[in-house]
Number of protein chains: 2
Amino acid sequence: MNKNYMRAIPKAWRNIAKVFTALGDEHRQRILLTFEPGERLNVGQIVEVATLSRSAVSHHLKILREAGVLESVKEGKAVYFWIAKDFLTDALQTVIEHVRKNV
Amino acid sequence: MNKNYMRAIPKAWRNIAKVFTALGDEHRQRILLTFEPGERLNVGQIVEVATLSRSAVSHHLKILREAGVLESVKEGKAVYFWIAKDFLTDALQTVIEHVRKNV
DNA sequence: TCAACATAACGATATATTTGAACATATGGC
DNA sequence: GCCATATGTTCAAATATATCGTTATGTTGA
């Protein structure tokens, strides 16, 4: 039993905590699943299919970006988002490996 | 662009959504990290190291169990929990594979 | 029956989510 | 340049959800 409760979160998990929080919301999952392979989408395109206001979509996109799950770039008036594929798979792989070794 | 926003969540993700929600909380992460390899712990043992009341710990354990991350059995007066290692790794692997194929 | 252990019920507080309005920025027509 | 429009973000306020502790309830074993 690891009694070091208040210090137990490994460094590698620091970013991952945000990933889990980001992916723990149903709207944010649906947004992720809206992207097709290699695709970039702007806010307006996501608002079109989502059942949320523009500002709510913007809010969720911000959370996903701050978690590292999405990346974005502003091009003219629009802001384009895409999925940070490598970051996301690496983050989840880190947790899998931790569980395999330490559980 | 996948426009089927309201139906976009794959069957395989149904359970996984709960996993992400469960792992998105810092206390629940710390609880998970309290378990050492192959170990079973009862509620009282976790309360000892946690900085939460017994009922709060019980609440978090319930969320983890309902997400499938923990399993439990009652033995006498105590309820013992352990990490559902295979379920957890499989669930995360499912997401990784989805991302690799579809992102 | 009593004590130990765990969960459930309840209310209080904190955090998250959501929308509409205000604000910021880029584009294009005049 | 100047104004209107298109696109996003931020803010404030309302609502909803989550978290937590206290207390009550249920179960098991001595």
# chains A, B, ... in the order shown; residues from 1 in each chain; ligands from 1
>>> calpha_fit_and_write(fixed="chain B", moving="chain A", output="CSV table (one decimal) with N, CA, C and O atoms, in the first residue's frame")
chain,number,residue,atom,x,y,z
A,1,MET,N,-15.4,15.6,-42.5
A,1,MET,CA,-16.1,16.0,-41.2
A,1,MET,C,-17.3,15.2,-41.0
A,1,MET,O,-18.2,15.0,-41.8
A,2,ASN,N,-17.3,14.6,-39.8
A,2,ASN,CA,-18.5,13.7,-39.4
A,2,ASN,C,-19.6,14.6,-38.8
A,2,ASN,O,-19.4,15.1,-37.7
A,3,LYS,N,-20.7,14.7,-39.6
A,3,LYS,CA,-21.7,15.7,-39.1
A,3,LYS,C,-22.7,15.0,-38.2
A,3,LYS,O,-23.7,15.7,-37.8
A,4,ASN,N,-22.5,13.8,-37.9
A,4,ASN,CA,-23.5,13.0,-37.1
A,4,ASN,C,-23.3,13.2,-35.6
A,4,ASN,O,-23.1,12.3,-34.8
A,5,TYR,N,-23.2,14.5,-35.2
A,5,TYR,CA,-22.8,14.8,-33.9
A,5,TYR,C,-23.5,14.1,-32.8
A,5,TYR,O,-22.9,13.6,-31.8
A,6,MET,N,-24.8,14.1,-32.9
A,6,MET,CA,-25.6,13.5,-31.8
A,6,MET,C,-25.6,11.9,-31.7
A,6,MET,O,-26.0,11.3,-30.8
A,7,ARG,N,-25.0,11.3,-32.7
A,7,ARG,CA,-24.9,9.8,-32.7
A,7,ARG,C,-23.5,9.3,-32.8
A,7,ARG,O,-23.3,8.2,-33.0
A,8,ALA,N,-22.6,10.2,-32.7
A,8,ALA,CA,-21.2,9.9,-33.1
A,8,ALA,C,-20.5,9.0,-32.1
A,8,ALA,O,-19.4,8.5,-32.4
A,9,ILE,N,-21.0,8.8,-30.9
A,9,ILE,CA,-20.2,8.0,-29.9
A,9,ILE,C,-20.3,6.5,-30.2
A,9,ILE,O,-21.4,6.0,-30.1
A,10,PRO,N,-19.2,5.9,-30.5
A,10,PRO,CA,-19.2,4.5,-30.8
A,10,PRO,C,-19.6,3.7,-29.6
A,10,PRO,O,-19.4,4.0,-28.5
A,11,LYS,N,-20.2,2.5,-29.9
A,11,LYS,CA,-20.6,1.6,-28.8
A,11,LYS,C,-19.4,1.3,-27.9
A,11,LYS,O,-19.6,1.3,-26.7
A,12,ALA,N,-18.3,1.0,-28.5
A,12,ALA,CA,-17.1,0.7,-27.6
A,12,ALA,C,-16.8,1.8,-26.6
A,12,ALA,O,-16.1,1.6,-25.6
A,13,TRP,N,-17.2,3.0,-26.9
A,13,TRP,CA,-16.9,4.1,-26.1
A,13,TRP,C,-17.9,4.3,-24.9
A,13,TRP,O,-17.6,5.0,-24.0
A,14,ARG,N,-19.0,3.6,-25.0
A,14,ARG,CA,-20.0,3.8,-24.0
A,14,ARG,C,-19.5,3.7,-22.5
A,14,ARG,O,-19.7,4.5,-21.7
A,15,ASN,N,-18.8,2.6,-22.3
A,15,ASN,CA,-18.2,2.4,-21.0
A,15,ASN,C,-17.0,3.3,-20.7
A,15,ASN,O,-16.8,3.7,-19.6
A,16,ILE,N,-16.3,3.6,-21.8
A,16,ILE,CA,-15.1,4.3,-21.7
A,16,ILE,C,-15.4,5.7,-21.2
A,16,ILE,O,-14.5,6.3,-20.5
A,17,ALA,N,-16.5,6.3,-21.6
A,17,ALA,CA,-16.8,7.6,-21.1
A,17,ALA,C,-16.8,7.7,-19.6
A,17,ALA,O,-16.2,8.6,-19.0
A,18,LYS,N,-17.4,6.7,-19.0
A,18,LYS,CA,-17.3,6.6,-17.5
A,18,LYS,C,-15.9,6.5,-16.9
A,18,LYS,O,-15.6,7.1,-15.9
A,19,VAL,N,-15.1,5.8,-17.6
A,19,VAL,CA,-13.7,5.6,-17.2
A,19,VAL,C,-13.0,7.0,-17.2
A,19,VAL,O,-12.4,7.3,-16.2
A,20,PHE,N,-13.2,7.7,-18.3
A,20,PHE,CA,-12.6,9.0,-18.3
A,20,PHE,C,-13.1,9.9,-17.2
A,20,PHE,O,-12.3,10.7,-16.6
A,21,THR,N,-14.4,9.9,-17.0
A,21,THR,CA,-14.9,10.8,-16.0
A,21,THR,C,-14.4,10.3,-14.6
A,21,THR,O,-14.0,11.2,-13.8
A,22,ALA,N,-14.3,9.0,-14.4
A,22,ALA,CA,-13.8,8.5,-13.1
A,22,ALA,C,-12.3,8.9,-12.9
A,22,ALA,O,-12.0,9.4,-11.8
A,23,LEU,N,-11.6,8.9,-13.9
A,23,LEU,CA,-10.1,9.2,-13.8
A,23,LEU,C,-9.8,10.7,-13.9
A,23,LEU,O,-8.7,11.1,-13.7
A,24,GLY,N,-10.8,11.4,-14.2
A,24,GLY,CA,-10.7,12.9,-14.3
A,24,GLY,C,-10.6,13.6,-13.0
A,24,GLY,O,-10.4,14.8,-13.0
A,25,ASP,N,-10.8,12.9,-11.9
A,25,ASP,CA,-10.8,13.6,-10.6
A,25,ASP,C,-9.5,13.2,-9.9
A,25,ASP,O,-9.1,12.1,-9.8
A,26,GLU,N,-8.9,14.3,-9.3
A,26,GLU,CA,-7.6,14.1,-8.7
A,26,GLU,C,-7.6,13.1,-7.5
A,26,GLU,O,-6.7,12.3,-7.3
A,27,HIS,N,-8.7,13.2,-6.7
A,27,HIS,CA,-8.8,12.3,-5.5
A,27,HIS,C,-8.8,10.8,-6.0
A,27,HIS,O,-8.2,9.9,-5.5
A,28,ARG,N,-9.6,10.6,-7.1
A,28,ARG,CA,-9.8,9.3,-7.6
A,28,ARG,C,-8.5,8.8,-8.2
A,28,ARG,O,-8.1,7.6,-8.1
A,29,GLN,N,-7.7,9.7,-8.8
A,29,GLN,CA,-6.4,9.3,-9.3
A,29,GLN,C,-5.5,8.8,-8.1
A,29,GLN,O,-4.8,7.8,-8.2
A,30,ARG,N,-5.5,9.6,-7.1
A,30,ARG,CA,-4.7,9.3,-5.9
A,30,ARG,C,-5.1,8.0,-5.3
A,30,ARG,O,-4.2,7.2,-4.8
A,31,ILE,N,-6.4,7.7,-5.2
A,31,ILE,CA,-6.8,6.5,-4.7
A,31,ILE,C,-6.3,5.3,-5.6
A,31,ILE,O,-5.7,4.3,-5.0
A,32,LEU,N,-6.4,5.5,-6.9
A,32,LEU,CA,-5.8,4.4,-7.7
A,32,LEU,C,-4.4,4.2,-7.5
A,32,LEU,O,-3.9,3.0,-7.4
A,33,LEU,N,-3.6,5.3,-7.3
A,33,LEU,CA,-2.2,5.1,-7.1
A,33,LEU,C,-1.8,4.6,-5.7
A,33,LEU,O,-0.6,4.4,-5.5
A,34,THR,N,-2.8,4.5,-4.9
A,34,THR,CA,-2.5,4.0,-3.5
A,34,THR,C,-2.3,2.5,-3.6
A,34,THR,O,-1.6,1.9,-2.7
A,35,PHE,N,-3.0,1.8,-4.6
A,35,PHE,CA,-2.8,0.4,-4.7
A,35,PHE,C,-1.5,0.0,-5.2
A,35,PHE,O,-1.0,0.6,-6.1
A,36,GLU,N,-0.9,-1.0,-4.5
A,36,GLU,CA,0.4,-1.5,-5.0
A,36,GLU,C,0.1,-2.8,-5.8
A,36,GLU,O,-1.1,-3.3,-5.7
A,37,PRO,N,1.0,-3.3,-6.6
A,37,PRO,CA,0.7,-4.4,-7.5
A,37,PRO,C,0.0,-5.6,-6.9
A,37,PRO,O,0.4,-6.1,-5.9
A,38,GLY,N,-1.1,-5.9,-7.4
A,38,GLY,CA,-1.9,-7.0,-7.0
A,38,GLY,C,-2.6,-6.9,-5.7
A,38,GLY,O,-3.3,-7.8,-5.2
A,39,GLU,N,-2.6,-5.7,-5.1
A,39,GLU,CA,-3.1,-5.4,-3.8
A,39,GLU,C,-4.6,-5.3,-3.7
A,39,GLU,O,-5.2,-4.8,-4.7
A,40,ARG,N,-5.2,-5.7,-2.6
A,40,ARG,CA,-6.6,-5.3,-2.3
A,40,ARG,C,-6.6,-4.5,-1.1
A,40,ARG,O,-5.9,-4.7,-0.1
A,41,LEU,N,-7.4,-3.4,-1.1
A,41,LEU,CA,-7.5,-2.5,0.0
A,41,LEU,C,-9.0,-2.3,0.4
A,41,LEU,O,-9.8,-2.3,-0.4
A,42,ASN,N,-9.2,-2.2,1.7
A,42,ASN,CA,-10.6,-1.9,2.1
A,42,ASN,C,-10.8,-0.4,2.3
A,42,ASN,O,-9.8,0.4,2.3
A,43,VAL,N,-12.0,0.0,2.6
A,43,VAL,CA,-12.3,1.4,2.6
A,43,VAL,C,-11.5,2.1,3.7
A,43,VAL,O,-10.9,3.2,3.5
A,44,GLY,N,-11.5,1.5,4.9
A,44,GLY,CA,-10.8,2.1,6.0
A,44,GLY,C,-9.3,2.3,5.7
A,44,GLY,O,-8.8,3.4,6.1
A,45,GLN,N,-8.7,1.4,5.0
A,45,GLN,CA,-7.3,1.6,4.7
A,45,GLN,C,-7.1,2.9,3.8
A,45,GLN,O,-6.1,3.6,3.9
A,46,ILE,N,-8.0,3.0,2.9
A,46,ILE,CA,-7.9,4.2,2.0
A,46,ILE,C,-8.2,5.5,2.7
A,46,ILE,O,-7.5,6.5,2.5
A,47,VAL,N,-9.1,5.4,3.6
A,47,VAL,CA,-9.5,6.6,4.4
A,47,VAL,C,-8.3,7.0,5.2
A,47,VAL,O,-8.0,8.2,5.4
A,48,GLU,N,-7.5,6.1,5.7
A,48,GLU,CA,-6.3,6.4,6.5
A,48,GLU,C,-5.4,7.3,5.8
A,48,GLU,O,-4.9,8.3,6.4
A,49,VAL,N,-5.1,7.1,4.6
A,49,VAL,CA,-4.1,7.9,3.8
A,49,VAL,C,-4.8,9.1,3.1
A,49,VAL,O,-4.1,10.0,2.8
A,50,ALA,N,-6.1,9.0,2.8
A,50,ALA,CA,-6.7,10.0,2.1
A,50,ALA,C,-7.0,11.2,3.0
A,50,ALA,O,-6.9,11.1,4.2
A,51,THR,N,-7.2,12.4,2.4
A,51,THR,CA,-7.5,13.6,3.1
A,51,THR,C,-9.0,13.9,3.0
A,51,THR,O,-9.4,15.0,2.7
A,52,LEU,N,-9.8,12.9,3.1
A,52,LEU,CA,-11.2,13.0,2.9
A,52,LEU,C,-11.9,12.2,4.0
A,52,LEU,O,-11.4,11.3,4.6
A,53,SER,N,-13.2,12.5,4.2
A,53,SER,CA,-14.0,11.8,5.2
A,53,SER,C,-14.3,10.4,4.6
A,53,SER,O,-14.1,10.1,3.4
A,54,ARG,N,-14.7,9.5,5.5
A,54,ARG,CA,-15.0,8.1,5.1
A,54,ARG,C,-16.1,8.1,4.0
A,54,ARG,O,-16.0,7.4,3.1
A,55,SER,N,-17.1,9.0,4.2
A,55,SER,CA,-18.2,8.9,3.2
A,55,SER,C,-17.8,9.4,1.9
A,55,SER,O,-18.3,9.0,0.8
A,56,ALA,N,-16.9,10.4,1.9
A,56,ALA,CA,-16.4,10.9,0.6
A,56,ALA,C,-15.6,9.9,-0.1
A,56,ALA,O,-15.7,9.7,-1.3
A,57,VAL,N,-14.7,9.1,0.6
A,57,VAL,CA,-14.0,8.1,0.0
A,57,VAL,C,-14.9,7.0,-0.5
A,57,VAL,O,-14.7,6.5,-1.7
A,58,SER,N,-15.9,6.7,0.2
A,58,SER,CA,-16.9,5.7,-0.2
A,58,SER,C,-17.5,6.1,-1.5
A,58,SER,O,-17.8,5.3,-2.4
A,59,HIS,N,-17.9,7.4,-1.6
A,59,HIS,CA,-18.5,7.9,-2.8
A,59,HIS,C,-17.5,7.8,-4.0
A,59,HIS,O,-18.0,7.3,-5.1
A,60,HIS,N,-16.3,8.1,-3.8
A,60,HIS,CA,-15.3,8.0,-5.0
A,60,HIS,C,-15.1,6.6,-5.4
A,60,HIS,O,-15.0,6.3,-6.5
A,61,LEU,N,-15.1,5.7,-4.4
A,61,LEU,CA,-14.9,4.3,-4.7
A,61,LEU,C,-16.1,3.8,-5.5
A,61,LEU,O,-15.9,3.0,-6.4
A,62,LYS,N,-17.3,4.3,-5.2
A,62,LYS,CA,-18.4,3.9,-5.9
A,62,LYS,C,-18.4,4.3,-7.4
A,62,LYS,O,-18.7,3.5,-8.3
A,63,ILE,N,-17.9,5.5,-7.6
A,63,ILE,CA,-17.8,6.0,-9.0
A,63,ILE,C,-16.7,5.2,-9.7
A,63,ILE,O,-17.0,4.8,-10.9
A,64,LEU,N,-15.6,4.9,-9.1
A,64,LEU,CA,-14.6,4.0,-9.7
A,64,LEU,C,-15.1,2.6,-10.0
A,64,LEU,O,-14.8,2.1,-11.1
A,65,ARG,N,-15.9,2.1,-9.1
A,65,ARG,CA,-16.4,0.8,-9.3
A,65,ARG,C,-17.5,0.8,-10.4
A,65,ARG,O,-17.5,-0.1,-11.3
A,66,GLU,N,-18.3,1.8,-10.4
A,66,GLU,CA,-19.4,1.8,-11.5
A,66,GLU,C,-18.8,2.1,-12.9
A,66,GLU,O,-19.4,1.7,-13.9
A,67,ALA,N,-17.6,2.7,-12.9
A,67,ALA,CA,-16.9,2.9,-14.2
A,67,ALA,C,-16.2,1.6,-14.6
A,67,ALA,O,-15.7,1.5,-15.7
A,68,GLY,N,-16.1,0.6,-13.7
A,68,GLY,CA,-15.4,-0.6,-14.0
A,68,GLY,C,-14.0,-0.6,-13.7
A,68,GLY,O,-13.3,-1.6,-13.9
A,69,VAL,N,-13.5,0.5,-13.2
A,69,VAL,CA,-12.0,0.6,-12.9
A,69,VAL,C,-11.6,-0.2,-11.7
A,69,VAL,O,-10.6,-0.8,-11.6
A,70,LEU,N,-12.5,-0.3,-10.7
A,70,LEU,CA,-12.3,-1.1,-9.5
A,70,LEU,C,-13.3,-2.2,-9.4
A,70,LEU,O,-14.5,-2.1,-9.9
A,71,GLU,N,-13.0,-3.3,-8.8
A,71,GLU,CA,-13.9,-4.3,-8.4
A,71,GLU,C,-13.9,-4.4,-6.9
A,71,GLU,O,-12.9,-4.0,-6.2
A,72,SER,N,-14.9,-5.1,-6.3
A,72,SER,CA,-14.9,-5.1,-4.9
A,72,SER,C,-15.6,-6.4,-4.4
A,72,SER,O,-16.4,-7.0,-5.2
A,73,VAL,N,-15.4,-6.8,-3.2
A,73,VAL,CA,-16.1,-7.9,-2.6
A,73,VAL,C,-16.2,-7.6,-1.1
A,73,VAL,O,-15.3,-7.0,-0.5
A,74,LYS,N,-17.3,-8.0,-0.5
A,74,LYS,CA,-17.4,-7.9,0.9
A,74,LYS,C,-17.0,-9.1,1.6
A,74,LYS,O,-17.4,-10.2,1.3
A,75,GLU,N,-16.1,-8.9,2.6
A,75,GLU,CA,-15.6,-10.1,3.4
A,75,GLU,C,-15.8,-9.7,4.8
A,75,GLU,O,-15.0,-8.9,5.4
A,76,GLY,N,-16.7,-10.3,5.5
A,76,GLY,CA,-17.0,-10.0,6.8
A,76,GLY,C,-17.5,-8.5,6.9
A,76,GLY,O,-18.4,-8.1,6.2
A,77,LYS,N,-16.9,-7.8,7.8
A,77,LYS,CA,-17.3,-6.4,7.9
A,77,LYS,C,-16.8,-5.5,6.8
A,77,LYS,O,-17.3,-4.4,6.5
A,78,ALA,N,-15.7,-5.9,6.3
A,78,ALA,CA,-14.9,-5.0,5.4
A,78,ALA,C,-15.3,-5.3,3.9
A,78,ALA,O,-15.7,-6.4,3.5
A,79,VAL,N,-15.1,-4.2,3.1
A,79,VAL,CA,-15.3,-4.3,1.7
A,79,VAL,C,-13.9,-4.1,1.0
A,79,VAL,O,-13.3,-3.0,1.2
A,80,TYR,N,-13.4,-5.1,0.3
A,80,TYR,CA,-12.1,-5.0,-0.3
A,80,TYR,C,-12.3,-4.6,-1.8
A,80,TYR,O,-13.1,-5.1,-2.5
A,81,PHE,N,-11.4,-3.7,-2.2
A,81,PHE,CA,-11.3,-3.2,-3.6
A,81,PHE,C,-10.0,-3.6,-4.2
A,81,PHE,O,-9.0,-3.7,-3.5
A,82,TRP,N,-10.0,-3.8,-5.5
A,82,TRP,CA,-8.8,-4.0,-6.3
A,82,TRP,C,-9.0,-3.4,-7.7
A,82,TRP,O,-10.2,-3.2,-8.1
A,83,ILE,N,-7.9,-3.1,-8.4
A,83,ILE,CA,-8.0,-2.5,-9.7
A,83,ILE,C,-8.3,-3.6,-10.8
A,83,ILE,O,-7.6,-4.6,-10.8
A,84,ALA,N,-9.2,-3.2,-11.6
A,84,ALA,CA,-9.6,-4.1,-12.7
A,84,ALA,C,-8.6,-3.9,-13.8
A,84,ALA,O,-8.9,-3.2,-14.8
A,85,LYS,N,-7.4,-4.5,-13.7
A,85,LYS,CA,-6.3,-4.2,-14.5
A,85,LYS,C,-6.6,-4.5,-16.0
A,85,LYS,O,-6.4,-3.6,-16.8
A,86,ASP,N,-7.2,-5.6,-16.3
A,86,ASP,CA,-7.4,-5.9,-17.7
A,86,ASP,C,-8.5,-5.0,-18.3
A,86,ASP,O,-8.3,-4.5,-19.5
A,87,PHE,N,-9.5,-4.8,-17.6
A,87,PHE,CA,-10.6,-3.9,-18.1
A,87,PHE,C,-10.0,-2.5,-18.4
A,87,PHE,O,-10.3,-1.9,-19.5
A,88,LEU,N,-9.2,-2.0,-17.5
A,88,LEU,CA,-8.7,-0.6,-17.6
A,88,LEU,C,-7.7,-0.6,-18.8
A,88,LEU,O,-7.8,0.4,-19.6
A,89,THR,N,-6.8,-1.5,-18.9
A,89,THR,CA,-5.9,-1.4,-20.1
A,89,THR,C,-6.6,-1.7,-21.4
A,89,THR,O,-6.3,-1.0,-22.4
A,90,ASP,N,-7.6,-2.6,-21.4
A,90,ASP,CA,-8.3,-2.8,-22.6
A,90,ASP,C,-9.1,-1.5,-23.0
A,90,ASP,O,-9.1,-1.2,-24.2
A,91,ALA,N,-9.7,-0.9,-22.1
A,91,ALA,CA,-10.5,0.3,-22.4
A,91,ALA,C,-9.6,1.4,-23.0
A,91,ALA,O,-9.9,2.0,-24.0
A,92,LEU,N,-8.5,1.6,-22.4
A,92,LEU,CA,-7.6,2.7,-22.9
A,92,LEU,C,-7.0,2.2,-24.3
A,92,LEU,O,-6.9,3.1,-25.2
A,93,GLN,N,-6.7,1.0,-24.4
A,93,GLN,CA,-6.2,0.5,-25.7
A,93,GLN,C,-7.2,0.7,-26.8
A,93,GLN,O,-6.9,1.0,-27.9
A,94,THR,N,-8.5,0.5,-26.5
A,94,THR,CA,-9.6,0.7,-27.4
A,94,THR,C,-9.5,2.2,-28.0
A,94,THR,O,-9.7,2.4,-29.2
A,95,VAL,N,-9.3,3.1,-27.0
A,95,VAL,CA,-9.3,4.5,-27.5
A,95,VAL,C,-8.1,4.8,-28.3
A,95,VAL,O,-8.1,5.4,-29.4
A,96,ILE,N,-6.9,4.2,-27.9
A,96,ILE,CA,-5.7,4.4,-28.7
A,96,ILE,C,-5.9,3.9,-30.1
A,96,ILE,O,-5.5,4.5,-31.1
A,97,GLU,N,-6.5,2.7,-30.2
A,97,GLU,CA,-6.7,2.1,-31.5
A,97,GLU,C,-7.6,3.0,-32.4
A,97,GLU,O,-7.4,3.1,-33.6
A,98,HIS,N,-8.7,3.4,-31.7
A,98,HIS,CA,-9.6,4.3,-32.5
A,98,HIS,C,-8.9,5.5,-33.0
A,98,HIS,O,-9.1,5.9,-34.1
A,99,VAL,N,-8.1,6.1,-32.2
A,99,VAL,CA,-7.4,7.3,-32.6
A,99,VAL,C,-6.4,7.0,-33.7
A,99,VAL,O,-6.3,7.8,-34.7
A,100,ARG,N,-5.7,5.9,-33.5
A,100,ARG,CA,-4.7,5.6,-34.6
A,100,ARG,C,-5.3,5.4,-35.9
A,100,ARG,O,-4.8,5.7,-37.0
A,101,LYS,N,-6.5,4.8,-35.9
A,101,LYS,CA,-7.2,4.4,-37.2
A,101,LYS,C,-8.0,5.6,-37.8
A,101,LYS,O,-8.0,5.8,-39.0
A,102,ASN,N,-8.6,6.4,-36.9
A,102,ASN,CA,-9.6,7.4,-37.3
A,102,ASN,C,-9.2,8.8,-37.1
A,102,ASN,O,-10.1,9.7,-37.3
A,103,VAL,N,-8.0,9.1,-36.8
A,103,VAL,CA,-7.6,10.5,-36.5
A,103,VAL,C,-6.4,10.9,-37.4
A,103,VAL,O,-5.6,10.1,-37.7
>>> select_by_dssp(residues="chain B", states="helix (DSSP H, G or I)", output="ChimeraX atom specification")
/B:5-7,11-23,26-34,43-49,54-66,85-102
>>> write_last_selection(atoms="C-alpha atoms", output="mmCIF file, in the first residue's frame")
data_model
loop_
_atom_site.group_PDB
_atom_site.id
_atom_site.type_symbol
_atom_site.label_atom_id
_atom_site.label_comp_id
_atom_site.auth_asym_id
_atom_site.auth_seq_id
_atom_site.Cartn_x
_atom_site.Cartn_y
_atom_site.Cartn_z
ATOM 1 C CA TYR B 5 -22.881 14.653 -33.715
ATOM 2 C CA MET B 6 -25.662 13.251 -31.555
ATOM 3 C CA ARG B 7 -24.955 9.635 -32.501
ATOM 4 C CA LYS B 11 -20.542 1.466 -28.718
ATOM 5 C CA ALA B 12 -17.063 0.617 -27.539
ATOM 6 C CA TRP B 13 -16.834 4.100 -26.018
ATOM 7 C CA ARG B 14 -19.973 3.821 -23.911
ATOM 8 C CA ASN B 15 -18.145 2.386 -20.934
ATOM 9 C CA ILE B 16 -15.039 4.356 -21.641
ATOM 10 C CA ALA B 17 -16.760 7.677 -21.113
ATOM 11 C CA LYS B 18 -17.254 6.732 -17.483
ATOM 12 C CA VAL B 19 -13.637 5.700 -17.190
ATOM 13 C CA PHE B 20 -12.469 9.112 -18.304
ATOM 14 C CA THR B 21 -14.842 10.840 -15.933
ATOM 15 C CA ALA B 22 -13.676 8.600 -13.108
ATOM 16 C CA LEU B 23 -10.005 9.234 -13.799
ATOM 17 C CA GLU B 26 -7.489 14.106 -8.595
ATOM 18 C CA HIS B 27 -8.662 12.293 -5.482
ATOM 19 C CA ARG B 28 -9.664 9.301 -7.546
ATOM 20 C CA GLN B 29 -6.284 9.285 -9.239
ATOM 21 C CA ARG B 30 -4.600 9.327 -5.861
ATOM 22 C CA ILE B 31 -6.788 6.483 -4.669
ATOM 23 C CA LEU B 32 -5.798 4.420 -7.688
ATOM 24 C CA LEU B 33 -2.137 5.136 -7.060
ATOM 25 C CA THR B 34 -2.491 3.957 -3.470
ATOM 26 C CA VAL B 43 -12.364 1.424 2.595
ATOM 27 C CA GLY B 44 -10.844 2.001 6.002
ATOM 28 C CA GLN B 45 -7.317 1.548 4.682
ATOM 29 C CA ILE B 46 -7.882 4.152 1.996
ATOM 30 C CA VAL B 47 -9.491 6.546 4.463
ATOM 31 C CA GLU B 48 -6.351 6.275 6.597
ATOM 32 C CA VAL B 49 -4.126 7.795 3.914
ATOM 33 C CA ARG B 54 -15.022 8.111 5.087
ATOM 34 C CA SER B 55 -18.186 8.879 3.184
ATOM 35 C CA ALA B 56 -16.334 10.920 0.594
ATOM 36 C CA VAL B 57 -13.919 8.070 0.031
ATOM 37 C CA SER B 58 -16.847 5.685 -0.248
ATOM 38 C CA HIS B 59 -18.389 8.014 -2.822
ATOM 39 C CA HIS B 60 -15.250 8.071 -4.955
ATOM 40 C CA LEU B 61 -14.871 4.324 -4.716
ATOM 41 C CA LYS B 62 -18.419 3.949 -5.940
ATOM 42 C CA ILE B 63 -17.693 6.093 -8.987
ATOM 43 C CA LEU B 64 -14.552 4.114 -9.729
ATOM 44 C CA ARG B 65 -16.422 0.829 -9.361
ATOM 45 C CA GLU B 66 -19.311 1.950 -11.553
ATOM 46 C CA LYS B 85 -6.259 -4.144 -14.550
ATOM 47 C CA ASP B 86 -7.353 -5.868 -17.757
ATOM 48 C CA PHE B 87 -10.503 -3.796 -18.128
ATOM 49 C CA LEU B 88 -8.598 -0.576 -17.642
ATOM 50 C CA THR B 89 -5.797 -1.377 -20.063
ATOM 51 C CA ASP B 90 -8.249 -2.719 -22.640
ATOM 52 C CA ALA B 91 -10.409 0.369 -22.384
ATOM 53 C CA LEU B 92 -7.500 2.729 -22.930
ATOM 54 C CA GLN B 93 -6.152 0.522 -25.707
ATOM 55 C CA THR B 94 -9.522 0.761 -27.438
ATOM 56 C CA VAL B 95 -9.256 4.536 -27.492
ATOM 57 C CA ILE B 96 -5.677 4.443 -28.726
ATOM 58 C CA GLU B 97 -6.640 2.144 -31.565
ATOM 59 C CA HIS B 98 -9.586 4.310 -32.481
ATOM 60 C CA VAL B 99 -7.360 7.357 -32.606
ATOM 61 C CA ARG B 100 -4.713 5.577 -34.647
ATOM 62 C CA LYS B 101 -7.250 4.399 -37.206
ATOM 63 C CA ASN B 102 -9.617 7.324 -37.345
#
>>> interface_residues(of="chain D", to="chain B", cutoff="10 Å", atoms="only C-alpha atoms (C1' of nucleotides)", output="list in words")
DT19, DC20, DG21, DT22, DT27, DT28 and DG29 of chain D
>>> closest_atom_pairs(of="chain D", to="region 1-19 of chain C", cutoff="8 Å", atoms="only C-alpha atoms (C1' of nucleotides)", output="CSV")
residue,atom,partner,partner_atom,distance
D:DT15,C1',C:DT18,C1',7.9
D:DA16,C1',C:DT17,C1',7.2
D:DT17,C1',C:DA16,C1',7.1
D:DA18,C1',C:DT15,C1',7.2
D:DT19,C1',C:DA14,C1',7.5
D:DA24,C1',C:DA9,C1',7.5
D:DT25,C1',C:DA8,C1',7.2
D:DG26,C1',C:DT7,C1',7.9
>>> atom_distance(atom1="C1' of DT25 (chain C)", atom2="C1' of DA14 (chain D)")
29.1 Å
>>> atom_distance(atom1="C1' of DA24 (chain C)", atom2="C1' of DT9 (chain D)")
7.7 Å
>>> atom_distance(atom1="C1' of DG1 (chain D)", atom2="C1' of DC23 (chain C)")
22.3 Å
>>> select_by_dssp(residues="chain B", states="strand (DSSP E)", output="PyMOL selection string")
chain B and resi 41-42+70-75+78-83
